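K.L.:
Provided below: model.cif, containing mmCIF, C-alpha atoms and all ligand atoms.
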```cif
data_final
#
loop_
_atom_site.label_atom_id
_atom_site.label_comp_id
_atom_site.auth_asym_id
_atom_site.auth_seq_id
_atom_site.Cartn_x
_atom_site.Cartn_y
_atom_site.Cartn_z
CA MET A 183 118.63 85.00 122.46
CA THR A 184 119.13 82.50 119.66
CA THR A 185 119.53 78.72 120.03
CA ALA A 186 122.97 77.06 120.20
CA ASP A 187 122.82 76.46 116.45
CA GLY A 188 122.08 80.14 115.77
CA ARG A 189 118.38 79.85 114.96
CA PRO A 190 116.04 82.53 116.37
CA ARG A 191 113.83 81.10 119.11
CA VAL A 192 110.07 81.57 118.66
CA LEU A 193 107.46 80.55 121.22
CA LEU A 194 104.18 79.92 119.40
CA GLY A 195 101.24 80.13 121.79
CA VAL A 196 97.99 78.62 120.57
CA ALA A 197 94.69 79.26 122.33
CA GLY A 198 91.47 77.27 121.97
CA GLY A 199 89.85 78.58 118.81
CA ILE A 200 88.87 76.97 115.53
CA ALA A 201 91.49 79.06 113.71
CA ALA A 202 94.18 76.89 115.35
CA TYR A 203 94.18 74.82 112.16
CA LYS A 204 95.57 77.79 110.21
CA VAL A 205 98.42 78.09 112.67
CA VAL A 206 99.74 74.70 111.56
CA GLU A 207 100.71 76.37 108.26
CA PHE A 208 102.20 79.35 110.11
CA LEU A 209 104.33 76.92 112.15
CA ARG A 210 105.60 75.31 108.95
CA LEU A 211 106.57 78.69 107.49
CA LEU A 212 108.53 79.45 110.66
CA THR A 213 110.37 76.14 110.89
CA GLU A 214 111.11 75.94 107.16
CA SER A 215 112.71 79.40 107.25
CA GLY A 216 115.13 78.38 110.00
CA HIS A 217 113.38 79.29 113.25
CA ALA A 218 113.44 77.06 116.33
CA VAL A 219 109.81 76.92 117.41
CA ARG A 220 108.36 75.66 120.66
CA VAL A 221 104.57 75.40 120.51
CA ILE A 222 102.70 76.11 123.75
CA PRO A 223 99.01 75.31 123.35
CA THR A 224 96.46 75.98 126.04
CA PRO A 225 94.65 72.81 127.16
CA SER A 226 91.58 73.83 125.15
CA ALA A 227 93.67 74.43 122.01
CA LEU A 228 94.28 70.69 121.96
CA GLU A 229 90.54 70.20 121.37
CA PHE A 230 91.13 71.68 117.91
CA VAL A 231 94.61 70.47 116.89
CA GLY A 232 96.29 67.66 118.82
CA ALA A 233 99.67 67.69 120.55
CA ALA A 234 101.05 65.15 118.07
CA THR A 235 100.64 67.61 115.17
CA TRP A 236 102.42 70.42 117.01
CA ALA A 237 105.20 68.12 118.25
CA ALA A 238 105.81 66.49 114.87
CA LEU A 239 105.93 69.77 112.97
CA SER A 240 108.04 71.66 115.51
CA GLY A 241 110.29 68.75 116.45
CA GLU A 242 109.96 69.81 120.09
CA PRO A 243 107.97 68.52 123.07
CA VAL A 244 104.50 69.94 123.64
CA THR A 245 103.09 70.50 127.11
CA THR A 246 100.31 72.72 128.42
CA GLY A 247 100.88 73.02 132.17
CA VAL A 248 103.60 74.34 134.47
CA PHE A 249 103.54 70.99 136.29
CA ASP A 250 104.53 69.00 133.22
CA GLY A 251 108.25 68.53 133.95
CA PRO A 252 108.39 70.92 136.93
CA HIS A 253 112.09 70.22 137.58
CA ASP A 254 112.89 72.37 134.49
CA VAL A 255 110.65 75.23 135.72
CA PRO A 256 109.44 75.33 132.10
CA HIS A 257 107.73 78.73 132.05
CA VAL A 258 110.89 80.46 133.26
CA ALA A 259 113.25 78.48 131.05
CA LEU A 260 111.05 79.09 127.99
CA GLY A 261 110.57 82.77 128.75
CA ARG A 262 114.31 83.42 129.11
CA SER A 263 115.21 81.67 125.87
CA ALA A 264 112.70 83.43 123.60
CA ASP A 265 113.28 86.01 120.85
CA LEU A 266 109.55 86.27 120.12
CA LEU A 267 106.32 85.08 121.70
CA PHE A 268 103.54 84.96 119.08
CA ILE A 269 100.04 83.89 120.12
CA ALA A 270 97.66 82.78 117.37
CA PRO A 271 94.77 82.47 117.62
CA ALA A 272 94.40 84.64 120.72
CA THR A 273 90.85 83.98 121.95
CA ALA A 274 88.77 86.41 124.03
CA ASP A 275 89.50 84.26 127.09
CA LEU A 276 93.25 84.24 126.45
CA LEU A 277 93.28 88.03 126.01
CA ALA A 278 91.36 88.42 129.28
CA ARG A 279 93.72 86.17 131.18
CA ALA A 280 96.78 87.87 129.68
CA ALA A 281 95.43 91.35 130.47
CA GLN A 282 94.89 90.28 134.09
CA GLY A 283 98.33 88.74 134.37
CA ARG A 284 97.00 85.32 135.31
CA ALA A 285 99.27 82.30 135.20
CA ASP A 286 96.91 79.36 135.12
CA ASP A 287 98.58 77.37 132.35
CA LEU A 288 102.02 77.18 130.77
CA LEU A 289 101.22 79.78 128.09
CA THR A 290 99.96 82.50 130.44
CA ALA A 291 102.73 81.75 132.96
CA THR A 292 105.29 82.11 130.16
CA LEU A 293 103.71 85.43 129.14
CA LEU A 294 104.78 86.75 132.53
CA THR A 295 108.38 85.58 132.21
CA VAL A 296 109.25 86.66 128.65
CA ARG A 297 111.11 89.90 128.02
CA CYS A 298 111.06 89.59 124.22
CA PRO A 299 108.45 91.16 121.87
CA VAL A 300 104.96 89.68 122.23
CA VAL A 301 102.42 89.55 119.39
CA PHE A 302 98.77 88.55 119.81
CA ALA A 303 96.74 87.60 116.73
CA PRO A 304 93.14 87.59 118.01
CA ALA A 305 90.43 85.54 116.30
CA MET A 306 86.84 85.25 117.51
CA HIS A 307 83.31 86.16 116.55
CA THR A 308 82.72 89.83 115.80
CA GLU A 309 80.47 90.29 118.83
CA MET A 310 83.17 88.97 121.15
CA TRP A 311 85.85 91.18 119.55
CA ASP A 312 83.63 94.28 119.74
CA HIS A 313 82.60 93.66 123.36
CA PRO A 314 83.86 96.46 125.65
CA ALA A 315 85.49 93.86 127.92
CA THR A 316 87.61 92.50 125.05
CA GLN A 317 88.42 95.99 123.77
CA ALA A 318 89.54 97.03 127.26
CA ASN A 319 91.77 93.96 127.50
CA VAL A 320 93.29 94.71 124.10
CA ALA A 321 93.93 98.34 125.07
CA ARG A 322 95.60 97.23 128.28
CA LEU A 323 97.87 94.75 126.50
CA ARG A 324 98.84 97.41 123.95
CA GLU A 325 99.61 99.90 126.73
CA ARG A 326 101.97 97.35 128.20
CA GLY A 327 103.89 97.17 124.94
CA ALA A 328 102.40 94.12 123.25
CA ILE A 329 101.49 94.17 119.56
CA VAL A 330 97.84 93.15 119.22
CA LEU A 331 96.88 92.67 115.57
CA ASP A 332 93.40 93.71 114.56
CA PRO A 333 91.59 90.62 113.23
CA ALA A 334 90.86 90.40 109.53
CA VAL A 335 87.42 90.85 108.06
CA GLY A 336 85.97 87.82 106.29
CA ARG A 337 84.45 84.41 106.68
CA LEU A 338 84.15 83.24 110.32
CA THR A 339 83.47 79.73 111.68
CA GLY A 340 80.09 79.15 110.06
CA ALA A 341 78.42 80.81 107.12
CA ASP A 342 78.73 84.17 108.89
CA SER A 343 81.39 86.74 108.12
CA GLY A 344 82.69 89.92 109.72
CA LYS A 345 85.66 91.18 111.70
CA GLY A 346 87.27 88.45 113.76
CA ARG A 347 89.05 86.22 111.29
CA LEU A 348 92.64 85.11 111.84
CA PRO A 349 94.85 86.64 109.12
CA GLU A 350 96.38 84.20 106.64
CA ALA A 351 99.47 82.22 107.67
CA GLN A 352 101.75 84.07 105.23
CA SER A 353 100.75 87.48 106.67
CA LEU A 354 101.28 86.25 110.23
CA TYR A 355 104.68 85.01 109.16
CA ASP A 356 105.54 88.40 107.60
CA VAL A 357 104.73 90.15 110.88
CA ALA A 358 106.76 87.61 112.89
CA ARG A 359 109.76 88.04 110.57
CA VAL A 360 109.69 91.84 110.75
CA VAL A 361 109.18 91.91 114.55
CA LEU A 362 112.07 89.46 115.01
CA ALA A 363 114.30 91.61 112.80
CA ARG A 364 113.55 94.66 114.97
CA GLY A 365 114.52 92.78 118.13
CA GLN A 366 114.28 94.94 121.24
CA LEU A 367 113.87 98.27 119.40
CA PRO A 368 111.05 100.32 120.97
CA LEU A 369 107.56 100.46 119.43
CA ASP A 370 108.04 104.05 118.33
CA LEU A 371 104.70 104.23 116.47
CA ALA A 372 102.62 102.89 119.39
CA GLY A 373 99.51 105.00 119.86
CA ARG A 374 99.76 106.37 116.30
CA HIS A 375 97.24 105.88 113.53
CA VAL A 376 98.85 105.74 110.12
CA VAL A 377 97.16 105.68 106.74
CA VAL A 378 99.02 104.10 103.84
CA THR A 379 97.85 104.10 100.22
CA ALA A 380 99.10 101.33 97.96
CA GLY A 381 98.77 99.98 94.44
CA GLY A 382 97.77 101.80 91.29
CA THR A 383 94.52 103.48 90.35
CA ARG A 384 92.50 102.52 87.26
CA GLU A 385 90.65 105.05 85.18
CA TYR A 386 87.99 103.36 83.09
CA LEU A 387 87.42 104.15 79.42
CA ASP A 388 84.44 101.79 79.29
CA PRO A 389 83.28 98.93 81.54
CA VAL A 390 86.14 96.66 80.46
CA ARG A 391 89.10 98.91 79.60
CA PHE A 392 91.12 101.20 81.78
CA LEU A 393 94.21 103.39 81.97
CA GLY A 394 96.40 101.96 84.70
CA ASN A 395 99.98 101.62 85.84
CA ARG A 396 102.44 98.95 86.92
CA SER A 397 102.27 99.41 90.69
CA SER A 398 101.82 96.04 92.47
CA GLY A 399 101.20 97.44 95.95
CA ARG A 400 104.23 95.67 97.43
CA GLN A 401 105.86 98.85 98.77
CA GLY A 402 102.60 99.89 100.47
CA TRP A 403 102.23 96.38 101.89
CA ALA A 404 105.76 96.59 103.31
CA LEU A 405 104.95 100.00 104.83
CA ALA A 406 101.86 98.53 106.50
CA THR A 407 103.62 95.47 107.93
CA THR A 408 106.59 97.45 109.24
CA ALA A 409 104.32 100.09 110.81
CA ILE A 410 102.38 97.33 112.60
CA ALA A 411 105.66 95.88 113.86
CA ARG A 412 106.45 99.35 115.29
CA GLY A 413 103.13 99.44 117.14
CA ALA A 414 100.98 101.59 114.82
CA ARG A 415 97.31 101.16 113.97
CA VAL A 416 97.23 100.98 110.18
CA THR A 417 94.54 101.79 107.64
CA LEU A 418 95.65 100.51 104.25
CA ILE A 419 93.87 101.98 101.25
CA ALA A 420 94.58 99.64 98.38
CA ALA A 421 93.96 100.42 94.73
CA ASN A 422 93.67 97.22 92.70
CA VAL A 423 96.12 95.10 94.70
CA THR A 424 95.88 91.31 94.51
CA LEU A 425 98.33 90.44 97.32
CA THR A 426 97.19 88.69 100.54
CA PRO A 427 96.21 91.45 102.99
CA PRO A 428 98.85 92.22 105.63
CA ALA A 429 97.96 90.97 109.12
CA GLY A 430 96.61 93.61 111.47
CA ALA A 431 95.80 96.36 108.95
CA GLU A 432 92.33 97.69 108.23
CA LEU A 433 91.96 97.29 104.48
CA VAL A 434 89.92 99.64 102.29
CA ALA A 435 89.72 98.63 98.62
CA VAL A 436 89.38 101.36 95.98
CA GLY A 437 89.59 101.53 92.20
CA SER A 438 89.98 105.00 90.71
CA ALA A 439 91.91 108.10 91.75
CA ARG A 440 88.69 109.79 92.81
CA GLN A 441 87.72 106.83 95.02
CA LEU A 442 91.18 106.79 96.52
CA GLY A 443 90.97 110.53 97.17
CA LEU A 444 87.67 110.17 99.04
CA ALA A 445 88.88 107.20 101.11
CA VAL A 446 92.21 108.75 102.10
CA THR A 447 90.66 112.13 102.91
CA ALA A 448 88.14 110.44 105.23
CA ALA A 449 90.80 108.31 106.93
CA ALA A 450 93.23 111.24 107.22
CA ALA A 451 90.75 113.18 109.36
CA GLU A 452 91.90 111.31 112.45
CA ALA A 453 95.30 110.01 111.40
CA ASP A 454 98.73 111.01 112.68
CA VAL A 455 100.46 110.10 109.43
CA VAL A 456 99.46 109.66 105.78
CA VAL A 457 101.81 107.93 103.36
CA MET A 458 100.85 108.22 99.71
CA ALA A 459 102.66 105.22 98.26
CA ALA A 460 99.96 104.58 95.66
CA ALA A 461 100.59 105.40 92.02
CA VAL A 462 97.72 107.77 91.34
CA ALA A 463 96.65 108.52 87.77
CA ASP A 464 97.12 112.17 86.92
CA PHE A 465 94.42 112.01 84.24
CA ARG A 466 91.14 110.22 83.62
CA PRO A 467 89.05 109.88 80.47
CA ALA A 468 86.80 112.91 80.13
CA HIS A 469 83.89 110.92 78.67
CA PRO A 470 84.00 107.28 79.79
CA SER A 471 81.50 105.10 77.95
CA THR A 472 78.88 103.22 79.97
CA THR A 473 78.86 100.45 77.39
CA LYS A 474 81.74 98.63 75.72
CA ILE A 475 83.29 100.70 72.92
CA LYS A 476 82.87 98.77 69.65
CA LYS A 477 84.95 98.87 66.50
CA GLY A 478 83.12 100.67 63.74
CA VAL A 479 80.51 102.23 66.08
CA ASP A 480 81.31 105.75 67.27
CA GLU A 481 84.97 104.76 67.01
CA PRO A 482 87.08 107.17 69.10
CA THR A 483 89.99 108.73 67.24
CA PHE A 484 91.63 110.38 70.22
CA LEU A 485 91.49 110.18 73.99
CA ASP A 486 90.09 113.22 75.75
CA LEU A 487 91.52 113.42 79.28
CA VAL A 488 90.92 115.60 82.35
CA ARG A 489 93.29 116.17 85.26
CA ASN A 490 92.67 114.38 88.56
CA ASP A 491 93.10 116.38 91.75
CA ASP A 492 96.50 116.16 93.39
CA ILE A 493 95.56 114.26 96.54
CA LEU A 494 98.95 114.58 98.22
CA ALA A 495 99.06 118.34 97.75
CA SER A 496 95.56 118.80 99.16
CA LEU A 497 96.29 116.51 102.13
CA ALA A 498 99.39 118.59 102.88
CA LEU A 499 97.43 121.82 102.54
CA GLY A 500 94.66 120.65 104.89
CA ARG A 501 96.83 118.75 107.37
CA ARG A 502 95.98 118.79 111.08
CA PRO A 503 98.57 120.26 113.45
CA GLY A 504 101.37 117.74 113.93
CA GLN A 505 100.13 115.46 111.16
CA VAL A 506 102.92 114.08 108.96
CA ILE A 507 102.36 113.77 105.21
CA VAL A 508 104.62 111.56 103.09
CA GLY A 509 104.76 111.28 99.31
CA PHE A 510 106.57 109.01 96.89
CA ALA A 511 108.18 110.26 93.73
CA ALA A 512 108.84 107.51 91.22
CA GLU A 513 111.18 109.00 88.64
CA THR A 514 112.90 107.72 85.51
CA ASP A 515 115.48 110.53 85.21
CA ASP A 516 116.90 113.44 87.25
CA ALA A 517 115.32 111.63 90.21
CA LEU A 518 116.80 113.68 93.02
CA ALA A 519 116.20 117.08 91.44
CA ASN A 520 112.62 116.15 90.54
CA GLY A 521 112.05 114.72 94.01
CA ARG A 522 113.30 117.88 95.73
CA ALA A 523 111.06 119.99 93.52
CA LYS A 524 108.05 117.73 94.26
CA LEU A 525 108.67 117.88 98.02
CA ALA A 526 108.50 121.67 97.88
CA ALA A 527 105.68 121.92 95.33
CA LYS A 528 103.36 119.51 97.17
CA GLY A 529 104.16 120.80 100.66
CA ALA A 530 104.82 117.29 102.06
CA ASP A 531 106.97 116.62 105.14
CA VAL A 532 108.79 113.70 103.57
CA MET A 533 109.27 112.66 99.93
CA VAL A 534 110.65 109.25 99.03
CA VAL A 535 112.39 109.41 95.69
CA ASN A 536 112.79 106.10 93.96
CA PRO A 537 114.18 105.45 90.54
CA VAL A 538 111.91 103.37 88.32
CA GLY A 539 112.27 101.89 84.86
CA GLU A 540 111.54 98.78 82.89
CA THR A 541 113.47 96.60 85.35
CA ARG A 542 113.47 98.81 88.44
CA GLY A 543 110.94 99.59 91.13
CA PHE A 544 107.78 97.87 89.90
CA GLU A 545 106.60 94.27 90.44
CA ARG A 546 109.73 93.46 92.47
CA THR A 547 110.44 92.72 96.10
CA ASP A 548 113.43 95.09 96.29
CA ASN A 549 113.66 98.84 96.11
CA GLU A 550 116.01 101.73 96.76
CA GLY A 551 115.67 105.45 97.14
CA VAL A 552 116.49 108.69 98.84
CA ILE A 553 114.30 109.97 101.66
CA LEU A 554 114.00 113.75 101.61
CA GLU A 555 112.71 115.55 104.70
CA ALA A 556 111.35 119.09 104.53
CA GLY A 557 113.97 120.13 107.11
CA GLY A 558 116.69 119.35 104.55
CA ARG A 559 117.83 115.94 105.76
CA GLU A 560 118.43 113.44 102.94
CA THR A 561 118.90 109.72 103.61
CA GLU A 562 120.07 107.37 100.90
CA VAL A 563 118.65 103.85 101.19
CA PRO A 564 120.64 101.33 99.12
CA LEU A 565 118.99 98.55 97.08
CA GLY A 566 117.43 96.14 99.55
CA SER A 567 114.04 94.80 100.56
CA LYS A 568 110.93 96.98 100.30
CA GLU A 569 110.64 96.47 104.07
CA ALA A 570 114.09 98.01 104.59
CA LEU A 571 113.03 101.10 102.62
CA ALA A 572 109.74 101.15 104.56
CA ASP A 573 111.59 101.10 107.87
CA SER A 574 113.74 104.04 106.79
CA VAL A 575 110.55 105.92 105.87
CA TRP A 576 109.14 105.24 109.36
CA ASP A 577 112.44 106.43 110.89
CA ALA A 578 111.96 109.75 109.08
CA VAL A 579 108.28 109.87 110.10
CA ALA A 580 109.19 109.16 113.75
CA ARG A 581 111.65 112.09 113.62
CA CYS A 582 108.91 114.38 112.29
CA LEU A 583 106.35 113.18 114.86
CA GLY A 584 108.60 113.79 117.81
CA PRO A 585 108.45 112.01 121.18
CA GLU A 586 106.67 108.69 121.45
CA ARG A 587 103.22 108.23 122.88
CA THR A 588 102.90 105.65 125.60
CA SER A 589 99.37 104.45 124.91
CA ARG A 590 97.00 104.12 122.02
N1 LIG A 601 99.79 111.89 93.82
C1 LIG A 601 98.57 112.31 94.30
N2 LIG A 601 97.58 112.67 93.46
C2 LIG A 601 97.78 112.66 92.12
C3 LIG A 601 99.04 112.25 91.60
C4 LIG A 601 100.02 111.86 92.49
O1 LIG A 601 98.40 112.32 95.53
N3 LIG A 601 96.80 113.03 91.32
C5 LIG A 601 100.85 111.53 94.79
C6 LIG A 601 101.42 110.13 94.65
O2 LIG A 601 100.72 109.20 95.47
C7 LIG A 601 102.85 110.30 95.15
C8 LIG A 601 103.18 111.73 94.78
O3 LIG A 601 101.93 112.38 94.59
O4 LIG A 601 102.94 110.21 96.55
C9 LIG A 601 104.01 111.90 93.55
O5 LIG A 601 103.39 111.25 92.49
P1 LIG A 601 103.96 111.44 91.03
O6 LIG A 601 103.10 110.70 90.07
O7 LIG A 601 105.43 111.13 91.03
O8 LIG A 601 103.83 113.01 90.90
P2 LIG A 601 103.05 113.92 89.93
O9 LIG A 601 102.63 115.12 90.68
O10 LIG A 601 101.99 113.16 89.23
O11 LIG A 601 104.19 114.35 88.95
P3 LIG A 601 104.58 113.86 87.49
O12 LIG A 601 104.25 115.02 86.66
O13 LIG A 601 106.03 113.53 87.59
O14 LIG A 601 103.72 112.66 87.19
#
```
Could you show the structure in this file as structure tokens?
P.N.:
Amino acid sequence: MTTADGRPRVLLGVAGGIAAYKVVEFLRLLTESGHAVRVIPTPSALEFVGAATWAALSGEPVTTGVFDGPHDVPHVALGRSADLLFIAPATADLLARAAQGRADDLLTATLLTVRCPVVFAPAMHTEMWDHPATQANVARLRERGAIVLDPAVGRLTGADSGKGRLPEAQSLYDVARVVLARGQLPLDLAGRHVVVTAGGTREYLDPVRFLGNRSSGRQGWALATTAIARGARVTLIAANVTLTPPAGAELVAVGSARQLGLAVTAAAAEADVVVMAAAVADFRPAHPSTTKIKKGVDEPTFLDLVRNDDILASLALGRRPGQVIVGFAAETDDALANGRAKLAAKGADVMVVNPVGETRGFERTDNEGVILEAGGRETEVPLGSKEALADSVWDAVARCLGPERTSR
């Protein structure tokens, strides 16, 4: 349900954690991109950021209890009007109360009345996140159809760091945008673990020089965010990507093709889907120098290269029963014919063929392509956002996986 002026209606729940200050920026991103946002803090959230800040930035009243203005029955009115309920930070206490279905403040009462998608962005100390009680609460909320983002790894409140950090405002915003765009569509990847590779590998000639490629990682990032919005658990293996990590994905940073191969093979052992969106170098220098190559000293006159293993082909060969393997074929000419040949040669289930060139494909936010499925189905995806292409890839993957799982 949108507001009378056509803006999507977002309820932004804020629980009592130090990361509430980062949510101020998230709120700005939402309002500045045309969303009507009502902030619902818990009483303890106001210990961190005051009601005046939330009210001024949202342009809407801010209350914390069901008895503030009871004539409007606020929790019911708010719940009915919402297109998305996004809770950030979701503390251990908030997750526990939500999992139990308690209604002891306006936010938890509203959680029981909404019928729109619900996203929790937990943030807490690692010990609290890892505690079996919290993990059981998270599992329960996911079973009920909520999206619970895994916290990011990094600096926590003090000098300590670990898993438990609230993802950056921009990544939270990306998830909110994609979930809103999906509306009431089912979480067809719930209970699935997907592995996505992104970026481009670097093959070092010496400690400072490498053979690389133009992949920015944006298509892999879009695949990760859209999979999270469809309920999947995502491991994102990123080769030399400088973008802000997507919210909710487990990030593994790699450099070379061999490192990427090891990381993806390990992650694939218990994954339902592997998507090889990374641009992997086919060759690496046969004799990389351990010291910087100098002019006039053992000057190389040609580059001796050796072939890297074909990771996609070996993943397809060793796939577990029911596992879906997806490749990307970036082609400059005869794209479709080359893509069809690659699908067959590598034994993948799906091959995404996308035309690339000086001004196409790389370092851009848009993309296009044709999605080839081993069963013969071919789906053309016109030029649009990388998220639109990603969603079409997940549609093909969902077809290959078969019926949904109900729990994760
Ligand atoms: N790929 C891989 N391992 C490699 C090279 C590529 O897993 N050593 C994967 C890529 O991640 C992509 C797919 O294979 O999903 C196709 O990559 P591409 O470079 O287009 O294919 P190549 O087999 O390298 O063919 P070409 O000769 O056209 O470079």
K.L.:
Counting only C-alpha atoms, what is within 9 Å of Arg364 (chain A), bar same-chain residues fewer than 4 positions away, as a ChimeraX atom specification?
P.N.:
/A:359-360,368,411-412
K.L.:
Hey, can I get the axis-aligned box for region 486-492 of chain A? All listed atoms, 4 Å padding on each side, centre and edge lengths in Å to one decimal, as lines of an AutoDock Vina configuration file.
P.N.:
```
center_x = 93.3
center_y = 114.8
center_z = 84.6
size_x = 14.4
size_y = 11.2
size_z = 25.6
```
K.L.:
Name all residues at most 12 Å from Glu452 (chain A) (count all atoms listed in the file; drop same-chain ones fewer than 2 positions away) and give them as a PyMOL selection string.
P.N.:
chain A and resi 374-377+415-417+446-450+454-456+501-506
K.L.:
To check your reading of the model: which residues sit at most 8 Å from ligand LIG 601 (chain A) when counting all atoms listed in the file? Write the answer as a VMD selection string.
P.N.:
chain A and resid 379 439 443 457 to 465 489 to 496 508 to 513 520 524 528 533
K.L.:
Need to verify the contact set: Trp236 (chain A), 8 Å, all atoms listed in the file, exclusion of same-chain residues closer than 4 positions in sequence. Can you return it as a PDB file with C-alpha atoms, keeping the file's coordinate frame?
P.N.:
```pdb
ATOM      1  CA  VAL A 206      99.740  74.700 111.560  1.00  0.00           C
ATOM      2  CA  VAL A 221     104.570  75.400 120.510  1.00  0.00           C
ATOM      3  CA  VAL A 231      94.610  70.470 116.890  1.00  0.00           C
ATOM      4  CA  GLY A 232      96.290  67.660 118.820  1.00  0.00           C
ATOM      5  CA  SER A 240     108.040  71.660 115.510  1.00  0.00           C
ATOM      6  CA  VAL A 244     104.500  69.940 123.640  1.00  0.00           C
TER       7      VAL A 244
END
```
K.L.:
Go ahead and find all residues with at least one atom no further than 10 Å from (84.5, 113.1, 77.8) in the file's coordinates, using only C-alpha atoms; report them as an mmCIF file with C-alpha atoms, keeping the file's coordinate frame.
P.N.:
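File selection36.cif, as written:
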```cif
data_model
loop_
_atom_site.group_PDB
_atom_site.id
_atom_site.type_symbol
_atom_site.label_atom_id
_atom_site.label_comp_id
_atom_site.auth_asym_id
_atom_site.auth_seq_id
_atom_site.Cartn_x
_atom_site.Cartn_y
_atom_site.Cartn_z
ATOM 1 C CA LEU A 387 87.420 104.150 79.420
ATOM 2 C CA ARG A 466 91.140 110.220 83.620
ATOM 3 C CA PRO A 467 89.050 109.880 80.470
ATOM 4 C CA ALA A 468 86.800 112.910 80.130
ATOM 5 C CA HIS A 469 83.890 110.920 78.670
ATOM 6 C CA PRO A 470 84.000 107.280 79.790
ATOM 7 C CA SER A 471 81.500 105.100 77.950
ATOM 8 C CA LEU A 485 91.490 110.180 73.990
ATOM 9 C CA ASP A 486 90.090 113.220 75.750
ATOM 10 C CA LEU A 487 91.520 113.420 79.280
ATOM 11 C CA VAL A 488 90.920 115.600 82.350
#
```
K.L.:
Listing only residues of region 338-389 of chain A within 12 Å of region 307-330 of chain A, what is the closest atom pair and its distance in Å (to one decimal) for each, using all atoms listed in the file, sorted by chain and residue number ascending, as a tab-separated table?
P.N.:
```
residue	atom	partner	partner_atom	distance
A:Leu338	CA	A:His307	CA	6.9
A:Thr339	CA	A:His307	CA	8.1
A:Gly340	CA	A:His307	CA	10.1
A:Ala341	CA	A:His307	CA	11.9
A:Asp342	CA	A:His307	CA	9.1
A:Ser343	CA	A:Thr308	CA	8.4
A:Gly344	CA	A:Thr308	CA	6.1
A:Lys345	CA	A:Thr308	CA	5.2
A:Gly346	CA	A:Thr308	CA	5.2
A:Arg347	CA	A:His307	CA	7.8
A:Leu348	CA	A:His307	CA	10.5
A:Leu354	CA	A:Val330	CA	11.8
A:Val357	CA	A:Ile329	CA	10.1
A:Ala358	CA	A:Ile329	CA	10.7
A:Val361	CA	A:Ile329	CA	9.5
A:Gln366	CA	A:Gly327	CA	11.3
A:Leu367	CA	A:Gly327	CA	11.5
A:Pro368	CA	A:Gly327	CA	8.8
A:Leu369	CA	A:Gly327	CA	7.4
A:Asp370	CA	A:Gly327	CA	10.4
A:Leu371	CA	A:Ile329	CA	11.0
A:Ala372	CA	A:Arg324	CA	8.1
A:Gly373	CA	A:Glu325	CA	8.6
A:Arg374	CA	A:Arg324	CA	11.8
```
K.L.:
From the list A:Gly241, A:Gly500, A:Pro349, A:Gly478, which residue is nearest Ala303 (chain A) when using only C-alpha atoms?
P.N.:
A:Pro349
K.L.:
Scan for residues within 6 Å of the point (100.9, 94.8, 113.4) in the coordinates of the file, using only C-alpha atoms, and reply as a PDB file with C-alpha atoms, keeping the file's coordinate frame.
P.N.:
```
ATOM      1  CA  LEU A 331      96.880  92.670 115.570  1.00  0.00           C
ATOM      2  CA  ILE A 410     102.380  97.330 112.600  1.00  0.00           C
ATOM      3  CA  ALA A 411     105.660  95.880 113.860  1.00  0.00           C
ATOM      4  CA  GLY A 430      96.610  93.610 111.470  1.00  0.00           C
TER       5      GLY A 430
END
```
